Number of protein chains: 2
Amino acid sequence: MNNRRSSPTAPAKTPSASPWKASHERQRDREVKRDAVIRAAAREFNRKGYHNTSLDDIAARLEVTKPTVYYYVTSKEQLLFQCFVAGVERIRAAFRDVRALEVPGRERLNAVLRRYGEAVASEFGWCMVRAEEQDLSPSMSRHIKALKSEIDHGIRRLIREGVQDGSIHPCDPKMTAFALAGALNWIAHWYREDQSLTGVQIAEAFVAVFEAGLRPRGNGAQVAAPQQVPRRRTRRTTAALAR
Amino acid sequence: MNNRRSSPTAPAKTPSASPWKASHERQRDREVKRDAVIRAAAREFNRKGYHNTSLDDIAARLEVTKPTVYYYVTSKEQLLFQCFVAGVERIRAAFRDVRALEVPGRERLNAVLRRYGEAVASEFGWCMVRAEEQDLSPSMSRHIKALKSEIDHGIRRLIREGVQDGSIHPCDPKMTAFALAGALNWIAHWYREDQSLTGVQIAEAFVAVFEAGLRPRGNGAQVAAPQQVPRRRTRRTTAALAR
């Protein structure tokens with residue numbers, strides 16, 4: 001608890017009254033800097049691979065010294081783990097956000113899949129899909145497996161709920177979850193931020209495919225045609241088996 | 001040309017008449033053995049990773065000496081490349097097979113996607129999706145990129161043909177190809193041969209999802225419900241971000 005302002009007799013202290021920052025400000029400052037370290041690490045791992053990236057590279061990218069980086073994380077391994085967590089946390093937040101929504105299961109699922117796609121297309125995508133292969137400690141590996149399993153089971157649960165409320169056609173929840181998550185995970189293999197579409201646009205385009213599949217829609221179906229989204233700068237990429 | 005039997009005056013030669021095999025038999029024999037080497041390599045790469053697998057391991061698995069392996073391939077690098085080609089060749093064969101079929105584009109696409117899924121669920125799956133990352137020579141890398149691009153463009157072409165003949169709902173062929181191929185490629189990250197479904201069953205289940213998506217089908221739609229396929233031995237796996 002920060003009681004600095006709790007006494008009615010203490011003079012009102014403005015932020016500029018002391019050359020030292022208030023403890024909550026220092027805390028927020030630390031969090032902002034820690035986030036910057038994790039984000040810079042994610043970009044370097046993505047660009048050069050985990051084993052080819054040193055803490056020196058990450059420090060250089062941030063224009064700080066290596067000890068400064070060590071102030072926020074204890075090791076490169078922990079950094080990779082934190083990058084994984086930062087990406088996955090976006091998906092976990094999506095699950096929390098849809099929990100209270102009074103909409104059919106399929107819409108809750110779509111909302112999660114959009115955020116999932118955006119997360120994989122973010123700077124954390126590489127770490128999200130590749131962290132587990134990088135010889136992490138047993139405890140970190142267990143933690144990663146547990147978080148992946150939580151997300152997998154969350155998707156299956158939303159599929160089952162959608163089937164129950166009639167918004168999703170009866171299907172095998174496990175295989176359907178594998179197909180949807182696989183398509184989204186693969187984004188990390190081919191997507192680069194300089195490509196023609198944003199992560200949001202890609203996630204939207206994918207959900208449109210998942211939503212109604214390849215078949216032409218019947219007359220009665222209220223399905224929006226997947227849109228040709230506006231292009232940004234173009235760069236050639238290959239989908240099949242890429243990157 | 002093998003003219004051994006071309007002279008009408010020569011006595012009919014049975015395979016057992018000479019202790020040496022006929023040249024076409026030797027050729028076939030060599031191909032069978034070469035296939036066995038490639039298949040054994042694919043299994044080892046899949047199980048232990050490319051860098052952790054030696055030609056000794058592959059020789060041991062085949063119960064032959066390392067020089068015997070070298071008789072069929074010149075290097076481990078070439079072996080990985082051949083594993084990639086062996087997997088991808090199944091997809092290329094599927095494209096050739098559907099070319100002459102007088103069926104709508106979506107059915108031709110589905111036939112290719114089924115064979116694609118089976119190929120990725122085969123022993124070659126790991127090599128198909130991971131070969132390019134393994135520091136191969138520039139010429140092999142170029143060859144791999146070209147084959148991937150050929151497959152990617154083949155899928156986009158079938159999608160466009162399906163849209164043109166009305167069997168596929170209008171969509172962005174590139175993004176749709178990315179979603180479909182991504183889901184199939186990801187199979188290599190989670191599927192192991194000892195799992196509850198065969199590669200054929202998984203490919204079938206995935207195509208059912210691609211076919212009609214998550215939405216409940218309208219009254220008029222002639223879409224078969226994705227079937228709960230019969231189980232083999234079960235093993236727990238996680239879809240999201242797995243392997």
# chains A, B, ... in the order shown; residues from 1 in each chain; ligands from 1
$ residues_around --residues "Ala111 in chain A" --least-positions-apart "3" --cutoff "12 Å" --atoms "only C-alpha atoms" --output "JSON, numbers by chain"
{"A": [90, 91, 92, 93, 94, 95, 96, 97, 98, 99, 101, 103, 104, 105, 106, 107, 108, 114, 115, 116, 117, 118, 155, 158, 200, 203, 204, 206, 207, 208, 211]}
$ closest_residue --among "A:Pro67, A:Pro138, A:Gly162, A:Pro170" --to "Leu109 in chain A" --atoms "only C-alpha atoms"
A:Gly162
$ closest_residue --among "B:Thr68, B:Glu77, B:Thr53, B:Gly199" --to "Glu133 in chain B" --atoms "only C-alpha atoms"
B:Glu77
$ closest_residue --among "A:Ala40, A:Val88, A:Ala121, A:Leu79" --to "chain B" --atoms "only C-alpha atoms"
A:Val88
$ closest_residue --among "B:Arg39, B:Val112, B:Ser137, B:Val32" --to "Arg157 in chain B" --atoms "only C-alpha atoms"
B:Val112
$ select_by_dssp --residues "range 8-199 of chain A" --states "helix (DSSP H, G or I)" --output "VMD selection string"
chain A and resid 15 to 17 23 to 48 55 to 62 66 to 72 76 to 99 105 to 120 125 to 133 138 to 164 173 to 190 199
$ residues_around --residues "Ala36 in chain B" --least-positions-apart "2" --cutoff "12 Å" --atoms "only C-alpha atoms" --output "ChimeraX atom specification"
/B:29-34,38-43,58-59,61-64,68-69,72-73,79,82-83,86,123
$ write_last_selection --atoms "N, CA and C atoms" --output "PDB file, in the first residue's frame"
ATOM      1  N   ASP B  29      15.617 -52.458 -57.962  1.00  0.00           N
ATOM      2  CA  ASP B  29      16.185 -52.820 -56.674  1.00  0.00           C
ATOM      3  C   ASP B  29      16.851 -51.601 -56.026  1.00  0.00           C
ATOM      4  N   ARG B  30      17.608 -50.892 -56.846  1.00  0.00           N
ATOM      5  CA  ARG B  30      18.294 -49.707 -56.357  1.00  0.00           C
ATOM      6  C   ARG B  30      17.280 -48.652 -55.890  1.00  0.00           C
ATOM      7  N   GLU B  31      16.206 -48.500 -56.658  1.00  0.00           N
ATOM      8  CA  GLU B  31      15.185 -47.505 -56.290  1.00  0.00           C
ATOM      9  C   GLU B  31      14.485 -47.869 -54.985  1.00  0.00           C
ATOM     10  N   VAL B  32      14.197 -49.149 -54.827  1.00  0.00           N
ATOM     11  CA  VAL B  32      13.542 -49.610 -53.594  1.00  0.00           C
ATOM     12  C   VAL B  32      14.439 -49.320 -52.396  1.00  0.00           C
ATOM     13  N   LYS B  33      15.743 -49.590 -52.567  1.00  0.00           N
ATOM     14  CA  LYS B  33      16.674 -49.379 -51.458  1.00  0.00           C
ATOM     15  C   LYS B  33      16.869 -47.883 -51.180  1.00  0.00           C
ATOM     16  N   ARG B  34      16.944 -47.112 -52.232  1.00  0.00           N
ATOM     17  CA  ARG B  34      17.068 -45.662 -52.066  1.00  0.00           C
ATOM     18  C   ARG B  34      15.834 -45.111 -51.325  1.00  0.00           C
ATOM     19  N   ILE B  38      15.688 -43.047 -47.732  1.00  0.00           N
ATOM     20  CA  ILE B  38      15.024 -41.742 -47.570  1.00  0.00           C
ATOM     21  C   ILE B  38      13.939 -41.814 -46.492  1.00  0.00           C
ATOM     22  N   ARG B  39      13.208 -42.901 -46.504  1.00  0.00           N
ATOM     23  CA  ARG B  39      12.132 -43.077 -45.529  1.00  0.00           C
ATOM     24  C   ARG B  39      12.706 -43.190 -44.106  1.00  0.00           C
ATOM     25  N   ALA B  40      13.789 -43.949 -43.978  1.00  0.00           N
ATOM     26  CA  ALA B  40      14.431 -44.098 -42.655  1.00  0.00           C
ATOM     27  C   ALA B  40      14.961 -42.745 -42.192  1.00  0.00           C
ATOM     28  N   ALA B  41      15.553 -41.977 -43.106  1.00  0.00           N
ATOM     29  CA  ALA B  41      16.072 -40.652 -42.755  1.00  0.00           C
ATOM     30  C   ALA B  41      14.929 -39.749 -42.294  1.00  0.00           C
ATOM     31  N   ALA B  42      13.828 -39.781 -43.028  1.00  0.00           N
ATOM     32  CA  ALA B  42      12.683 -38.929 -42.675  1.00  0.00           C
ATOM     33  C   ALA B  42      12.209 -39.248 -41.258  1.00  0.00           C
ATOM     34  N   ARG B  43      12.147 -40.537 -40.932  1.00  0.00           N
ATOM     35  CA  ARG B  43      11.694 -40.934 -39.593  1.00  0.00           C
ATOM     36  C   ARG B  43      12.657 -40.425 -38.516  1.00  0.00           C
ATOM     37  N   ILE B  58      21.031 -43.312 -39.236  1.00  0.00           N
ATOM     38  CA  ILE B  58      20.168 -43.792 -40.314  1.00  0.00           C
ATOM     39  C   ILE B  58      20.627 -45.184 -40.772  1.00  0.00           C
ATOM     40  N   ALA B  59      21.950 -45.361 -40.872  1.00  0.00           N
ATOM     41  CA  ALA B  59      22.492 -46.667 -41.234  1.00  0.00           C
ATOM     42  C   ALA B  59      22.084 -47.711 -40.186  1.00  0.00           C
ATOM     43  N   ARG B  61      19.538 -47.714 -38.224  1.00  0.00           N
ATOM     44  CA  ARG B  61      18.112 -48.020 -38.319  1.00  0.00           C
ATOM     45  C   ARG B  61      17.846 -49.018 -39.444  1.00  0.00           C
ATOM     46  N   LEU B  62      18.630 -48.921 -40.521  1.00  0.00           N
ATOM     47  CA  LEU B  62      18.456 -49.811 -41.672  1.00  0.00           C
ATOM     48  C   LEU B  62      19.294 -51.083 -41.537  1.00  0.00           C
ATOM     49  N   GLU B  63      20.092 -51.144 -40.462  1.00  0.00           N
ATOM     50  CA  GLU B  63      20.995 -52.285 -40.246  1.00  0.00           C
ATOM     51  C   GLU B  63      21.944 -52.472 -41.425  1.00  0.00           C
ATOM     52  N   VAL B  64      22.495 -51.349 -41.898  1.00  0.00           N
ATOM     53  CA  VAL B  64      23.519 -51.392 -42.949  1.00  0.00           C
ATOM     54  C   VAL B  64      24.687 -50.515 -42.491  1.00  0.00           C
ATOM     55  N   THR B  68      27.129 -47.861 -47.229  1.00  0.00           N
ATOM     56  CA  THR B  68      25.938 -48.299 -47.982  1.00  0.00           C
ATOM     57  C   THR B  68      24.970 -47.124 -48.154  1.00  0.00           C
ATOM     58  N   VAL B  69      24.801 -46.341 -47.074  1.00  0.00           N
ATOM     59  CA  VAL B  69      23.930 -45.169 -47.178  1.00  0.00           C
ATOM     60  C   VAL B  69      24.500 -44.196 -48.204  1.00  0.00           C
ATOM     61  N   TYR B  72      23.688 -44.357 -51.870  1.00  0.00           N
ATOM     62  CA  TYR B  72      22.399 -43.864 -52.375  1.00  0.00           C
ATOM     63  C   TYR B  72      22.259 -42.343 -52.312  1.00  0.00           C
ATOM     64  N   VAL B  73      22.940 -41.725 -51.362  1.00  0.00           N
ATOM     65  CA  VAL B  73      22.909 -40.257 -51.277  1.00  0.00           C
ATOM     66  C   VAL B  73      24.309 -39.750 -50.977  1.00  0.00           C
ATOM     67  N   LEU B  79      20.078 -35.760 -48.332  1.00  0.00           N
ATOM     68  CA  LEU B  79      19.063 -36.673 -47.800  1.00  0.00           C
ATOM     69  C   LEU B  79      17.835 -35.880 -47.327  1.00  0.00           C
ATOM     70  N   GLN B  82      15.996 -34.721 -50.294  1.00  0.00           N
ATOM     71  CA  GLN B  82      15.233 -35.805 -50.925  1.00  0.00           C
ATOM     72  C   GLN B  82      13.978 -36.145 -50.125  1.00  0.00           C
ATOM     73  N   CYS B  83      14.065 -36.027 -48.794  1.00  0.00           N
ATOM     74  CA  CYS B  83      12.877 -36.256 -47.951  1.00  0.00           C
ATOM     75  C   CYS B  83      11.819 -35.188 -48.257  1.00  0.00           C
ATOM     76  N   ALA B  86      10.321 -36.016 -51.604  1.00  0.00           N
ATOM     77  CA  ALA B  86       9.454 -37.202 -51.552  1.00  0.00           C
ATOM     78  C   ALA B  86       8.066 -36.833 -51.026  1.00  0.00           C
ATOM     79  N   GLU B 123       5.521 -39.785 -42.723  1.00  0.00           N
ATOM     80  CA  GLU B 123       6.865 -39.645 -42.145  1.00  0.00           C
ATOM     81  C   GLU B 123       7.630 -38.478 -42.753  1.00  0.00           C
TER      82      GLU B 123
END
$ closest_residue --among "A:Asn46, A:Ser18, A:Gln164, A:Thr176" --to "Trp126 in chain A" --atoms "only C-alpha atoms"
A:Asn46
$ atom_distance --atom1 "CA of Arg130 in chain B" --atom2 "CA of Ile187 in chain A"
14.9 Å
$ closest_residue --among "B:Gln78, B:Gln201, B:Thr65, B:Asn185" --to "Gln134 in chain B" --atoms "only C-alpha atoms"
B:Gln78
$ residues_around --residues "Val129 in chain A" --least-positions-apart "5" --cutoff "12 Å" --atoms "only C-alpha atoms" --output "PyMOL selection string"
(chain A and resi 42+45-46+80-81+83-85+87-88+116+119-124+134+144-145+148+181-182+184-189) or (chain B and resi 186+189-190+239-243)
$ atom_distance --atom1 "CA of Ala17 in chain B" --atom2 "CA of Asp35 in chain B"
28.0 Å
$ atom_distance --atom1 "CA of Arg215 in chain A" --atom2 "CA of Asp172 in chain A"
19.3 Å
